[in-house]
Amino acid sequence: MSVFYLTTPIYYVNATPHLGHAYTTIVADAMARWRRLAGDEVWFLTGTDEHGDHVAQAAAKAGVSPQAFTDRISSAFRETWRALGITNDDFIRTTEPRHQKVVQAILQTLRDAGEIYLGTYGGHYCFGCERFYTEKEIVDGQCPDHRTPLTWIEEENYFFRMSKYQRWLIDYIEGHPDLIRPERYRNEILGFLRDPLQDLSISRPRTRLEWGIPLPFDDRYVTYVWFDALINYVSALGGPGDPRFERFWPHAQHLIGKDILKPHAVYWPCMLRAYGEALGRGDDLLYRHLNVHGYWGLGGGKMSKSVGNVVEALALKDRYGNDAFRYFVMREMVFGLDADFSEEAFVGRLNADLANDLGNLVARATTLVARAAPAEKPQLSILSTEDQSVRIAAGETRHLVERAMSEFAFSRALGQIWEFIAVLNRYIDTTQPWALAKDPARLGKLNLVLVTLTDSLRFLGIVLQPFLPDSARRIREALGDERAPNLENAAVGRIDTIPPVTKLSGLFPRVEDKKVAAKTVEGTPAAGAKITLADFGRIELRVAEVVAAEPVPKSKKLLKLTVSLGAEQRTLVAGIAEHYAPADLVGKKVVVVANLEPATLMGIESNGMVLAGSADGKLAVLTLDRDLPPGATVR
Ligand code: MSP
């Protein structure tokens with residue numbers, strides 16, 4: 001067993017929770033749950049950052065006091081995390097006395113050690129960022145972030161002697177290759193440290209800003225919000241000397257987005273080093289790892305119209321459920337890289353990975369086991385190669401997921417679990433337990449398949465817990481698995497009897513693509529209303545030749561078509577499988593809508609639509625009554 005302390009950034013209370021905050025908090029939660037599953041002693045912290053200009057300005061705009069304002073937004077964060085099933089052990093607010101006390105103690109210690117001095121500073125200041133910008137950073141005389149004019153400010157302030165730690169910091173980062181990860185962010189910081197590091201202004205005159213923690217040695221000033229905020233990671237544990245701090249701090253890992261890399265990878269280590277020295281603890285106070293993820297964007301893809309902003313994106317958790325939301329964000333974003341959020345991609349994954357792969361597996365397996373109710377105990381000594389390979393695959397999956405999680409590679413971890421799900425779906429297809437059930441001579445074999453399936457679902461009910469907590473619990477409940485979910489139990493090959501199992505279907509109901517599509521089409525005229533020729537002209541109709549056609553696995557209605565439009569080939573998914581055999585379509589010239597937004601159906605991206613008419617349950621695909629080359633325009 002090891003000890004693990006994980007933090008998220010503390011979020012500014014000038015905005016309500018959105019997709020970006022939710023992503024960080026969800027991956028942190030999955031990690032905390034994973035480590036608890038592994039038997040570790042975990043402390044998982046999140047919270048809100050409540051001081052500074054940003055917040056003071058937002059409160060003034062809302063016409064309420066900063067305290068009332070921060071109380072309100074901080075509660076909104078707490079509520080959102082509760083609704084998302086986040087299992088944080090503590091929630092820190094920087095306006096709490098326990099935090100202020102530690103900030104002031106650290107400031108006093110550093111001041112006494114000569115690490116903080118009073119100096120004059122003149123510079124270009126951005127009120128939005130609450131920081132000065134150097135000449136080099138300014139873009140066209142404006143803030144590089146906000147693109148607003150900067151204000152020249154000259155004032156006396158207190159400074160932290162950060163510049164003197166530059167050499168030490170470079171050496172420390174070089175000596176600890178995985179301190180900042182993934183590597184791209186470590187390189188970014190080493191690049192930044194090639195230029196001289198300035199001392200850090202850590203105070204703001206009260207004449208300009210009241211809303212902050214007063215400096216203990218000069219109450220004309222409040223603490224600069226970053227200096228205050230970073231200390232939350234320490235203050236939440238009570239600070240040095242507190243047993244909780246001494247237990248968890250040596251295992252501290254931070255999780256942040258790339259936007260706040262510099263304060264965490266430069267200011268914070270220097271602060272910890274200076275403080276460690278003042279306490280006679282040297283480098284002991286340095287955190288273990290800084291884990292940095294990329295940024296979510298909206299609308300980079302072709303089809304993200306339906307989700308207009310980051311707040312709406314988070315609202316999708318209410319429409320499609322927490323587990324689906326958690327799954328999508330963790331699977332879609334490769335940790336460390338940027339990703340794009342769209343409702344279509346979300347629904348695509350929900351239907352393909354959750355409804356189809358996982359949901360169908362659970363429904364098929366629990367139905368088979370619940371129905372069979374075998375009287376005999378399976379003879380585990382006569383396992384077939386297929387039964388064995390499922391056990392081996394489970395062992396490998398566990399190992400690979402463990403490795404991925406140790407690197408914060410959430411998407412890869414899920415990819416590994418989904419490979420195992422595919423193994424199980426294939427196992428059912430190959431062993432055909434429904435056929436075995438009909439043959440009394442093969443009941444022994446059937447029992448082996450059923451015990452393997454039950455055991456595999458028990459395995460999934462455990463390893464899925466950090467990612468899809470509700471669904472994993474439902475799987476364990478269907479299997480009557482009352483063991484504590486922990487990694488020790490996550491193996492296939494542990495049970496030799498088939499327990500009573502309850503059928504579990506509809507774990508993730510499919511979302512009809514039509515519904516999503518309907519939401520995204522703007523200005524669709526009501527049925528029967530007239531459209532103009534220009535409206536019609538927006539639809540690009542073309543002749544297409546069907547080059548290949550095949551059934552879509554696990555779908556009764558869909559066919560996957562490859563069509564030629566002359567210059568290009570496209571994949572289309574058409575709901576015509578009940579009316580046409582694939583072979584009958586090959587070589588046919590049909591008419592397709594060529595400029596339809598892509599849609600993912602059963603995991604296949606469809607780029608266009610075949611026109612067909614239907615009446616009284618009969619369906620006919622439109623063909624040509626005279627030959628035209630593929631690609632020809634239809635009007
Ligand atoms: N209060 C500071 C952090 C102080 S930590 C000592 C702050 N707060 S914030 O509310 O702006 O939150 C920033 C963090 O929210 C990012 O680092 C990231 O974790 C998350 N995200 C906000 N928007 C995001 C995206 N669009 N994409 C991914 N994560 C983003 O900065």
# chains A, B, ... in the order shown; residues from 1 in each chain; ligands from 1

call {"tool": "residues_near_ligand", "arguments": {"ligand": "ligand 1", "cutoff": "7 Å", "atoms": "only C-alpha atoms and all ligand atoms", "output": "list in words"}}
result
Thr8, Pro9, Ile10, Tyr11, Tyr12, Val13, Leu19, Gly20, His21, Tyr23, Thr24, Asp49, Trp226, Ala229, Leu230, Asn232, Ile256, Gly257, Lys258, Asp259, Ile260, Gly294, Tyr295, Trp296 and Gly297 of chain A

call {"tool": "closest_atom_pairs", "arguments": {"of": "range 330-380 of chain A", "to": "range 586-610 of chain A", "cutoff": "8 Å", "atoms": "only C-alpha atoms", "output": "JSON lines"}}
result
{"residue": "A:Glu344", "atom": "CA", "partner": "A:Ala599", "partner_atom": "CA", "distance": 7.2}
{"residue": "A:Ala345", "atom": "CA", "partner": "A:Thr600", "partner_atom": "CA", "distance": 7.8}
{"residue": "A:Gly348", "atom": "CA", "partner": "A:Thr600", "partner_atom": "CA", "distance": 5.3}
{"residue": "A:Arg349", "atom": "CA", "partner": "A:Gly603", "partner_atom": "CA", "distance": 7.2}
{"residue": "A:Asn351", "atom": "CA", "partner": "A:Met602", "partner_atom": "CA", "distance": 6.4}
{"residue": "A:Ala352", "atom": "CA", "partner": "A:Gly603", "partner_atom": "CA", "distance": 4.8}
{"residue": "A:Asp353", "atom": "CA", "partner": "A:Gly603", "partner_atom": "CA", "distance": 7.7}
{"residue": "A:Asn356", "atom": "CA", "partner": "A:Met602", "partner_atom": "CA", "distance": 7.4}

call {"tool": "write_last_selection", "arguments": {"atoms": "N, CA, C and O atoms", "output": "JSON list (two decimals), in the first residue's frame"}}
result
[["chain", "number", "residue", "atom", "x", "y", "z"],
["A", 344, "GLU", "N", -22.02, 15.58, -31.25],
["A", 344, "GLU", "CA", -22.08, 14.46, -32.18],
["A", 344, "GLU", "C", -21.03, 13.42, -31.85],
["A", 344, "GLU", "O", -21.29, 12.22, -31.87],
["A", 345, "ALA", "N", -19.80, 13.90, -31.52],
["A", 345, "ALA", "CA", -18.75, 12.94, -31.16],
["A", 345, "ALA", "C", -19.16, 12.23, -29.87],
["A", 345, "ALA", "O", -18.94, 11.01, -29.71],
["A", 348, "GLY", "N", -21.76, 9.72, -30.68],
["A", 348, "GLY", "CA", -21.12, 8.64, -31.43],
["A", 348, "GLY", "C", -20.48, 7.63, -30.50],
["A", 348, "GLY", "O", -20.67, 6.42, -30.63],
["A", 349, "ARG", "N", -19.73, 8.13, -29.53],
["A", 349, "ARG", "CA", -19.07, 7.23, -28.57],
["A", 349, "ARG", "C", -20.08, 6.55, -27.66],
["A", 349, "ARG", "O", -19.93, 5.38, -27.31],
["A", 351, "ASN", "N", -23.12, 5.72, -28.35],
["A", 351, "ASN", "CA", -23.77, 4.62, -29.06],
["A", 351, "ASN", "C", -22.82, 3.47, -29.35],
["A", 351, "ASN", "O", -23.16, 2.31, -29.15],
["A", 352, "ALA", "N", -21.63, 3.81, -29.83],
["A", 352, "ALA", "CA", -20.72, 2.75, -30.28],
["A", 352, "ALA", "C", -20.06, 2.04, -29.09],
["A", 352, "ALA", "O", -20.14, 0.81, -28.98],
["A", 353, "ASP", "N", -19.44, 2.80, -28.20],
["A", 353, "ASP", "CA", -18.64, 2.16, -27.15],
["A", 353, "ASP", "C", -19.50, 1.72, -25.97],
["A", 353, "ASP", "O", -19.30, 0.64, -25.41],
["A", 356, "ASN", "N", -23.36, -0.09, -27.55],
["A", 356, "ASN", "CA", -23.06, -1.30, -28.32],
["A", 356, "ASN", "C", -22.10, -2.24, -27.63],
["A", 356, "ASN", "O", -22.46, -3.37, -27.29]]

call {"tool": "atom_distance", "arguments": {"atom1": "CA of Thr397 in chain A", "atom2": "CA of Ile417 in chain A"}}
result
6.4 Å

call {"tool": "residues_around", "arguments": {"residues": "range 460-465 of chain A", "least_positions_apart": "5", "cutoff": "9 Å", "atoms": "only C-alpha atoms", "output": "PDB file with all heavy atoms, in the first residue's frame"}}
result
ATOM      1  N   ALA A  30     -11.205   9.988 -11.177  1.00  0.00           N
ATOM      2  CA  ALA A  30     -10.936   8.636 -11.682  1.00  0.00           C
ATOM      3  C   ALA A  30      -9.605   8.138 -11.114  1.00  0.00           C
ATOM      4  O   ALA A  30      -9.472   6.974 -10.723  1.00  0.00           O
ATOM      5  CB  ALA A  30     -10.903   8.637 -13.208  1.00  0.00           C
ATOM      6  N   ARG A  33     -10.043   7.342  -7.386  1.00  0.00           N
ATOM      7  CA  ARG A  33     -10.770   6.079  -7.239  1.00  0.00           C
ATOM      8  C   ARG A  33      -9.871   4.896  -7.614  1.00  0.00           C
ATOM      9  O   ARG A  33      -9.931   3.843  -6.986  1.00  0.00           O
ATOM     10  CB  ARG A  33     -12.000   6.060  -8.144  1.00  0.00           C
ATOM     11  CG  ARG A  33     -13.147   6.937  -7.665  1.00  0.00           C
ATOM     12  CD  ARG A  33     -14.213   6.943  -8.753  1.00  0.00           C
ATOM     13  NE  ARG A  33     -15.354   7.773  -8.443  1.00  0.00           N
ATOM     14  CZ  ARG A  33     -16.492   7.329  -7.876  1.00  0.00           C
ATOM     15  NH1 ARG A  33     -16.610   6.061  -7.548  1.00  0.00           N
ATOM     16  NH2 ARG A  33     -17.490   8.144  -7.665  1.00  0.00           N
ATOM     17  N   TRP A  34      -9.075   5.084  -8.657  1.00  0.00           N
ATOM     18  CA  TRP A  34      -8.190   4.003  -9.101  1.00  0.00           C
ATOM     19  C   TRP A  34      -7.206   3.636  -7.996  1.00  0.00           C
ATOM     20  O   TRP A  34      -6.967   2.467  -7.702  1.00  0.00           O
ATOM     21  CB  TRP A  34      -7.459   4.417 -10.383  1.00  0.00           C
ATOM     22  CG  TRP A  34      -6.450   3.407 -10.819  1.00  0.00           C
ATOM     23  CD1 TRP A  34      -5.112   3.455 -10.626  1.00  0.00           C
ATOM     24  CD2 TRP A  34      -6.727   2.164 -11.487  1.00  0.00           C
ATOM     25  NE1 TRP A  34      -4.523   2.331 -11.141  1.00  0.00           N
ATOM     26  CE2 TRP A  34      -5.486   1.521 -11.670  1.00  0.00           C
ATOM     27  CE3 TRP A  34      -7.890   1.553 -11.946  1.00  0.00           C
ATOM     28  CZ2 TRP A  34      -5.375   0.276 -12.297  1.00  0.00           C
ATOM     29  CZ3 TRP A  34      -7.788   0.311 -12.570  1.00  0.00           C
ATOM     30  CH2 TRP A  34      -6.539  -0.315 -12.736  1.00  0.00           C
ATOM     31  N   LEU A  37      -8.792   1.843  -5.258  1.00  0.00           N
ATOM     32  CA  LEU A  37      -9.035   0.470  -5.706  1.00  0.00           C
ATOM     33  C   LEU A  37      -7.772  -0.370  -5.537  1.00  0.00           C
ATOM     34  O   LEU A  37      -7.823  -1.565  -5.247  1.00  0.00           O
ATOM     35  CB  LEU A  37      -9.410   0.530  -7.192  1.00  0.00           C
ATOM     36  CG  LEU A  37     -10.342  -0.480  -7.796  1.00  0.00           C
ATOM     37  CD1 LEU A  37     -11.689  -0.473  -7.122  1.00  0.00           C
ATOM     38  CD2 LEU A  37     -10.539  -0.168  -9.290  1.00  0.00           C
ATOM     39  N   ARG A 398      -5.506  -5.931 -17.065  1.00  0.00           N
ATOM     40  CA  ARG A 398      -5.254  -5.312 -15.760  1.00  0.00           C
ATOM     41  C   ARG A 398      -3.860  -4.681 -15.725  1.00  0.00           C
ATOM     42  O   ARG A 398      -3.680  -3.551 -15.282  1.00  0.00           O
ATOM     43  CB  ARG A 398      -5.407  -6.361 -14.662  1.00  0.00           C
ATOM     44  CG  ARG A 398      -5.049  -5.756 -13.332  1.00  0.00           C
ATOM     45  CD  ARG A 398      -5.214  -6.668 -12.183  1.00  0.00           C
ATOM     46  NE  ARG A 398      -4.302  -6.223 -11.147  1.00  0.00           N
ATOM     47  CZ  ARG A 398      -4.196  -6.798  -9.975  1.00  0.00           C
ATOM     48  NH1 ARG A 398      -4.933  -7.849  -9.681  1.00  0.00           N
ATOM     49  NH2 ARG A 398      -3.341  -6.339  -9.098  1.00  0.00           N
ATOM     50  N   VAL A 401      -3.754  -1.561 -17.978  1.00  0.00           N
ATOM     51  CA  VAL A 401      -4.505  -0.434 -17.400  1.00  0.00           C
ATOM     52  C   VAL A 401      -3.699   0.161 -16.241  1.00  0.00           C
ATOM     53  O   VAL A 401      -3.596   1.381 -16.095  1.00  0.00           O
ATOM     54  CB  VAL A 401      -5.915  -0.880 -16.948  1.00  0.00           C
ATOM     55  CG1 VAL A 401      -6.638   0.245 -16.218  1.00  0.00           C
ATOM     56  CG2 VAL A 401      -6.742  -1.330 -18.142  1.00  0.00           C
ATOM     57  N   LEU A 414      -8.716   3.311 -20.885  1.00  0.00           N
ATOM     58  CA  LEU A 414     -10.050   2.917 -21.346  1.00  0.00           C
ATOM     59  C   LEU A 414      -9.952   2.102 -22.633  1.00  0.00           C
ATOM     60  O   LEU A 414     -10.689   1.130 -22.809  1.00  0.00           O
ATOM     61  CB  LEU A 414     -10.921   4.163 -21.565  1.00  0.00           C
ATOM     62  CG  LEU A 414     -11.433   4.793 -20.270  1.00  0.00           C
ATOM     63  CD1 LEU A 414     -12.055   6.159 -20.534  1.00  0.00           C
ATOM     64  CD2 LEU A 414     -12.454   3.882 -19.586  1.00  0.00           C
ATOM     65  N   ILE A 417      -9.350  -1.433 -21.700  1.00  0.00           N
ATOM     66  CA  ILE A 417     -10.545  -2.109 -21.172  1.00  0.00           C
ATOM     67  C   ILE A 417     -11.496  -2.431 -22.322  1.00  0.00           C
ATOM     68  O   ILE A 417     -12.078  -3.514 -22.387  1.00  0.00           O
ATOM     69  CB  ILE A 417     -11.260  -1.246 -20.107  1.00  0.00           C
ATOM     70  CG1 ILE A 417     -10.319  -1.001 -18.919  1.00  0.00           C
ATOM     71  CG2 ILE A 417     -12.541  -1.913 -19.634  1.00  0.00           C
ATOM     72  CD1 ILE A 417     -10.873  -0.084 -17.838  1.00  0.00           C
ATOM     73  N   ILE A 421     -13.319  -5.862 -23.703  1.00  0.00           N
ATOM     74  CA  ILE A 421     -14.758  -5.985 -23.983  1.00  0.00           C
ATOM     75  C   ILE A 421     -14.955  -6.614 -25.368  1.00  0.00           C
ATOM     76  O   ILE A 421     -15.808  -7.482 -25.565  1.00  0.00           O
ATOM     77  CB  ILE A 421     -15.445  -4.595 -23.876  1.00  0.00           C
ATOM     78  CG1 ILE A 421     -15.461  -4.157 -22.400  1.00  0.00           C
ATOM     79  CG2 ILE A 421     -16.853  -4.608 -24.458  1.00  0.00           C
ATOM     80  CD1 ILE A 421     -15.890  -2.723 -22.155  1.00  0.00           C
ATOM     81  N   ASP A 455     -17.359 -14.409 -14.527  1.00  0.00           N
ATOM     82  CA  ASP A 455     -16.108 -13.972 -13.920  1.00  0.00           C
ATOM     83  C   ASP A 455     -15.571 -12.723 -14.630  1.00  0.00           C
ATOM     84  O   ASP A 455     -15.051 -11.796 -14.002  1.00  0.00           O
ATOM     85  CB  ASP A 455     -15.101 -15.129 -14.057  1.00  0.00           C
ATOM     86  CG  ASP A 455     -14.155 -15.177 -12.878  1.00  0.00           C
ATOM     87  OD1 ASP A 455     -14.294 -14.325 -11.985  1.00  0.00           O
ATOM     88  OD2 ASP A 455     -13.272 -16.055 -12.866  1.00  0.00           O
ATOM     89  N   ASP A 470     -21.272   4.441 -11.635  1.00  0.00           N
ATOM     90  CA  ASP A 470     -22.650   3.948 -11.485  1.00  0.00           C
ATOM     91  C   ASP A 470     -22.852   2.645 -12.247  1.00  0.00           C
ATOM     92  O   ASP A 470     -23.444   1.693 -11.735  1.00  0.00           O
ATOM     93  CB  ASP A 470     -23.663   4.982 -12.013  1.00  0.00           C
ATOM     94  CG  ASP A 470     -23.655   6.236 -11.169  1.00  0.00           C
ATOM     95  OD1 ASP A 470     -23.196   6.159 -10.005  1.00  0.00           O
ATOM     96  OD2 ASP A 470     -24.083   7.286 -11.679  1.00  0.00           O
ATOM     97  N   SER A 471     -22.356   2.610 -13.482  1.00  0.00           N
ATOM     98  CA  SER A 471     -22.561   1.410 -14.293  1.00  0.00           C
ATOM     99  C   SER A 471     -21.806   0.231 -13.691  1.00  0.00           C
ATOM    100  O   SER A 471     -22.306  -0.897 -13.683  1.00  0.00           O
ATOM    101  CB  SER A 471     -22.067   1.636 -15.717  1.00  0.00           C
ATOM    102  OG  SER A 471     -22.483   2.889 -16.148  1.00  0.00           O
ATOM    103  N   ALA A 472     -20.600   0.492 -13.190  1.00  0.00           N
ATOM    104  CA  ALA A 472     -19.813  -0.596 -12.597  1.00  0.00           C
ATOM    105  C   ALA A 472     -20.558  -1.168 -11.390  1.00  0.00           C
ATOM    106  O   ALA A 472     -20.609  -2.385 -11.196  1.00  0.00           O
ATOM    107  CB  ALA A 472     -18.440  -0.082 -12.187  1.00  0.00           C
ATOM    108  N   ARG A 473     -21.166  -0.273 -10.612  1.00  0.00           N
ATOM    109  CA  ARG A 473     -21.925  -0.758  -9.448  1.00  0.00           C
ATOM    110  C   ARG A 473     -23.117  -1.599  -9.911  1.00  0.00           C
ATOM    111  O   ARG A 473     -23.393  -2.668  -9.376  1.00  0.00           O
ATOM    112  CB  ARG A 473     -22.421   0.436  -8.616  1.00  0.00           C
ATOM    113  CG  ARG A 473     -23.181   0.036  -7.360  1.00  0.00           C
ATOM    114  CD  ARG A 473     -23.741   1.243  -6.596  1.00  0.00           C
ATOM    115  NE  ARG A 473     -24.227   2.321  -7.448  1.00  0.00           N
ATOM    116  CZ  ARG A 473     -25.400   2.310  -8.088  1.00  0.00           C
ATOM    117  NH1 ARG A 473     -26.224   1.299  -7.965  1.00  0.00           N
ATOM    118  NH2 ARG A 473     -25.739   3.336  -8.854  1.00  0.00           N
ATOM    119  N   ARG A 474     -23.792  -1.161 -10.980  1.00  0.00           N
ATOM    120  CA  ARG A 474     -24.948  -1.935 -11.470  1.00  0.00           C
ATOM    121  C   ARG A 474     -24.509  -3.306 -11.972  1.00  0.00           C
ATOM    122  O   ARG A 474     -25.216  -4.297 -11.799  1.00  0.00           O
ATOM    123  CB  ARG A 474     -25.671  -1.154 -12.567  1.00  0.00           C
ATOM    124  CG  ARG A 474     -26.391   0.069 -11.999  1.00  0.00           C
ATOM    125  CD  ARG A 474     -27.095   0.850 -13.077  1.00  0.00           C
ATOM    126  NE  ARG A 474     -28.169   0.083 -13.697  1.00  0.00           N
ATOM    127  CZ  ARG A 474     -28.760   0.410 -14.842  1.00  0.00           C
ATOM    128  NH1 ARG A 474     -28.371   1.485 -15.489  1.00  0.00           N
ATOM    129  NH2 ARG A 474     -29.722  -0.336 -15.351  1.00  0.00           N
ATOM    130  N   ILE A 475     -23.343  -3.363 -12.587  1.00  0.00           N
ATOM    131  CA  ILE A 475     -22.845  -4.657 -13.064  1.00  0.00           C
ATOM    132  C   ILE A 475     -22.576  -5.559 -11.858  1.00  0.00           C
ATOM    133  O   ILE A 475     -22.994  -6.720 -11.828  1.00  0.00           O
ATOM    134  CB  ILE A 475     -21.565  -4.478 -13.920  1.00  0.00           C
ATOM    135  CG1 ILE A 475     -21.898  -3.734 -15.208  1.00  0.00           C
ATOM    136  CG2 ILE A 475     -20.900  -5.818 -14.200  1.00  0.00           C
ATOM    137  CD1 ILE A 475     -20.700  -3.352 -16.067  1.00  0.00           C
ATOM    138  N   ARG A 476     -21.910  -5.017 -10.859  1.00  0.00           N
ATOM    139  CA  ARG A 476     -21.601  -5.845  -9.674  1.00  0.00           C
ATOM    140  C   ARG A 476     -22.886  -6.305  -8.997  1.00  0.00           C
ATOM    141  O   ARG A 476     -22.999  -7.446  -8.562  1.00  0.00           O
ATOM    142  CB  ARG A 476     -20.713  -5.073  -8.683  1.00  0.00           C
ATOM    143  CG  ARG A 476     -19.309  -4.774  -9.199  1.00  0.00           C
ATOM    144  CD  ARG A 476     -18.366  -4.378  -8.064  1.00  0.00           C
ATOM    145  NE  ARG A 476     -18.864  -3.272  -7.278  1.00  0.00           N
ATOM    146  CZ  ARG A 476     -18.720  -1.981  -7.588  1.00  0.00           C
ATOM    147  NH1 ARG A 476     -18.068  -1.632  -8.675  1.00  0.00           N
ATOM    148  NH2 ARG A 476     -19.209  -1.043  -6.800  1.00  0.00           N
ATOM    149  N   GLU A 477     -23.876  -5.399  -8.961  1.00  0.00           N
ATOM    150  CA  GLU A 477     -25.154  -5.780  -8.335  1.00  0.00           C
ATOM    151  C   GLU A 477     -25.851  -6.887  -9.114  1.00  0.00           C
ATOM    152  O   GLU A 477     -26.397  -7.823  -8.529  1.00  0.00           O
ATOM    153  CB  GLU A 477     -26.078  -4.558  -8.234  1.00  0.00           C
ATOM    154  CG  GLU A 477     -25.744  -3.680  -7.043  1.00  0.00           C
ATOM    155  CD  GLU A 477     -26.486  -2.342  -7.045  1.00  0.00           C
ATOM    156  OE1 GLU A 477     -27.377  -2.137  -7.912  1.00  0.00           O
ATOM    157  OE2 GLU A 477     -26.140  -1.507  -6.185  1.00  0.00           O
ATOM    158  N   ASP A 481     -22.363  -9.467  -6.726  1.00  0.00           N
ATOM    159  CA  ASP A 481     -20.979  -9.421  -6.248  1.00  0.00           C
ATOM    160  C   ASP A 481     -20.880  -8.429  -5.100  1.00  0.00           C
ATOM    161  O   ASP A 481     -20.894  -7.218  -5.310  1.00  0.00           O
ATOM    162  CB  ASP A 481     -20.065  -8.985  -7.403  1.00  0.00           C
ATOM    163  CG  ASP A 481     -18.595  -9.100  -7.043  1.00  0.00           C
ATOM    164  OD1 ASP A 481     -18.289  -9.455  -5.872  1.00  0.00           O
ATOM    165  OD2 ASP A 481     -17.758  -8.841  -7.914  1.00  0.00           O
ATOM    166  N   ALA A 484     -15.803  -6.096  -1.744  1.00  0.00           N
ATOM    167  CA  ALA A 484     -15.376  -4.705  -1.900  1.00  0.00           C
ATOM    168  C   ALA A 484     -14.665  -4.609  -3.241  1.00  0.00           C
ATOM    169  O   ALA A 484     -13.847  -5.472  -3.559  1.00  0.00           O
ATOM    170  CB  ALA A 484     -14.413  -4.347  -0.780  1.00  0.00           C
ATOM    171  N   PRO A 485     -15.017  -3.587  -4.052  1.00  0.00           N
ATOM    172  CA  PRO A 485     -14.302  -3.493  -5.320  1.00  0.00           C
ATOM    173  C   PRO A 485     -12.847  -3.100  -5.074  1.00  0.00           C
ATOM    174  O   PRO A 485     -12.574  -1.984  -4.650  1.00  0.00           O
ATOM    175  CB  PRO A 485     -15.049  -2.400  -6.081  1.00  0.00           C
ATOM    176  CG  PRO A 485     -15.845  -1.660  -5.075  1.00  0.00           C
ATOM    177  CD  PRO A 485     -15.993  -2.523  -3.863  1.00  0.00           C
ATOM    178  N   ASN A 486     -11.938  -4.009  -5.256  1.00  0.00           N
ATOM    179  CA  ASN A 486     -10.522  -3.646  -5.197  1.00  0.00           C
ATOM    180  C   ASN A 486      -9.741  -4.447  -6.221  1.00  0.00           C
ATOM    181  O   ASN A 486     -10.193  -5.490  -6.694  1.00  0.00           O
ATOM    182  CB  ASN A 486      -9.943  -3.783  -3.783  1.00  0.00           C
ATOM    183  CG  ASN A 486      -9.972  -5.200  -3.301  1.00  0.00           C
ATOM    184  OD1 ASN A 486      -9.571  -6.122  -4.026  1.00  0.00           O
ATOM    185  ND2 ASN A 486     -10.454  -5.404  -2.090  1.00  0.00           N
ATOM    186  N   LEU A 487      -8.583  -3.916  -6.566  1.00  0.00           N
ATOM    187  CA  LEU A 487      -7.823  -4.505  -7.667  1.00  0.00           C
ATOM    188  C   LEU A 487      -7.394  -5.933  -7.386  1.00  0.00           C
ATOM    189  O   LEU A 487      -7.204  -6.721  -8.300  1.00  0.00           O
ATOM    190  CB  LEU A 487      -6.587  -3.660  -7.964  1.00  0.00           C
ATOM    191  CG  LEU A 487      -6.753  -2.577  -9.009  1.00  0.00           C
ATOM    192  CD1 LEU A 487      -5.388  -2.038  -9.402  1.00  0.00           C
ATOM    193  CD2 LEU A 487      -7.453  -3.118 -10.251  1.00  0.00           C
ATOM    194  N   ASN A 489      -9.152  -8.205  -6.287  1.00  0.00           N
ATOM    195  CA  ASN A 489     -10.206  -9.092  -6.783  1.00  0.00           C
ATOM    196  C   ASN A 489     -10.362  -9.036  -8.298  1.00  0.00           C
ATOM    197  O   ASN A 489     -11.209  -9.731  -8.856  1.00  0.00           O
ATOM    198  CB  ASN A 489     -11.553  -8.702  -6.160  1.00  0.00           C
ATOM    199  CG  ASN A 489     -11.583  -8.986  -4.679  1.00  0.00           C
ATOM    200  OD1 ASN A 489     -10.890  -9.888  -4.226  1.00  0.00           O
ATOM    201  ND2 ASN A 489     -12.352  -8.216  -3.937  1.00  0.00           N
ATOM    202  N   ALA A 490      -9.598  -8.154  -8.938  1.00  0.00           N
ATOM    203  CA  ALA A 490      -9.789  -7.967 -10.378  1.00  0.00           C
ATOM    204  C   ALA A 490      -8.971  -8.975 -11.170  1.00  0.00           C
ATOM    205  O   ALA A 490      -7.916  -8.658 -11.697  1.00  0.00           O
ATOM    206  CB  ALA A 490      -9.423  -6.542 -10.769  1.00  0.00           C
TER     207      ALA A 490
END

call {"tool": "closest_residue", "arguments": {"among": "A:Glu277, A:Asp323, A:Glu578, A:Asp29", "to": "Ser555 in chain A", "atoms": "only C-alpha atoms"}}
result
A:Glu578

call {"tool": "residues_around", "arguments": {"residues": "range 206-219 of chain A", "least_positions_apart": "3", "cutoff": "7 Å", "atoms": "only C-alpha atoms", "output": "MDAnalysis selection string"}}
result
chainID A and resid 51:53 56 100 104 108 222:223

call {"tool": "closest_atom_pairs", "arguments": {"of": "range 53-112 of chain A", "to": "range 149-159 of chain A", "cutoff": "12 Å", "atoms": "only C-alpha atoms", "output": "JSON lines"}}
result
{"residue": "A:Leu107", "atom": "CA", "partner": "A:Tyr158", "partner_atom": "CA", "distance": 10.6}
{"residue": "A:Leu110", "atom": "CA", "partner": "A:Phe159", "partner_atom": "CA", "distance": 10.7}
{"residue": "A:Arg111", "atom": "CA", "partner": "A:Tyr158", "partner_atom": "CA", "distance": 9.6}

call {"tool": "residues_around", "arguments": {"residues": "Trp434 in chain A", "least_positions_apart": "3", "cutoff": "9 Å", "atoms": "only C-alpha atoms", "output": "ChimeraX atom specification"}}
result
/A:368,431,437-438,446

call {"tool": "select_by_dssp", "arguments": {"residues": "range 213-384 of chain A", "states": "strand (DSSP E)", "output": "PyMOL selection string"}}
result
chain A and resi 214-215+218-223+252-257+289-293+296-298+339-341
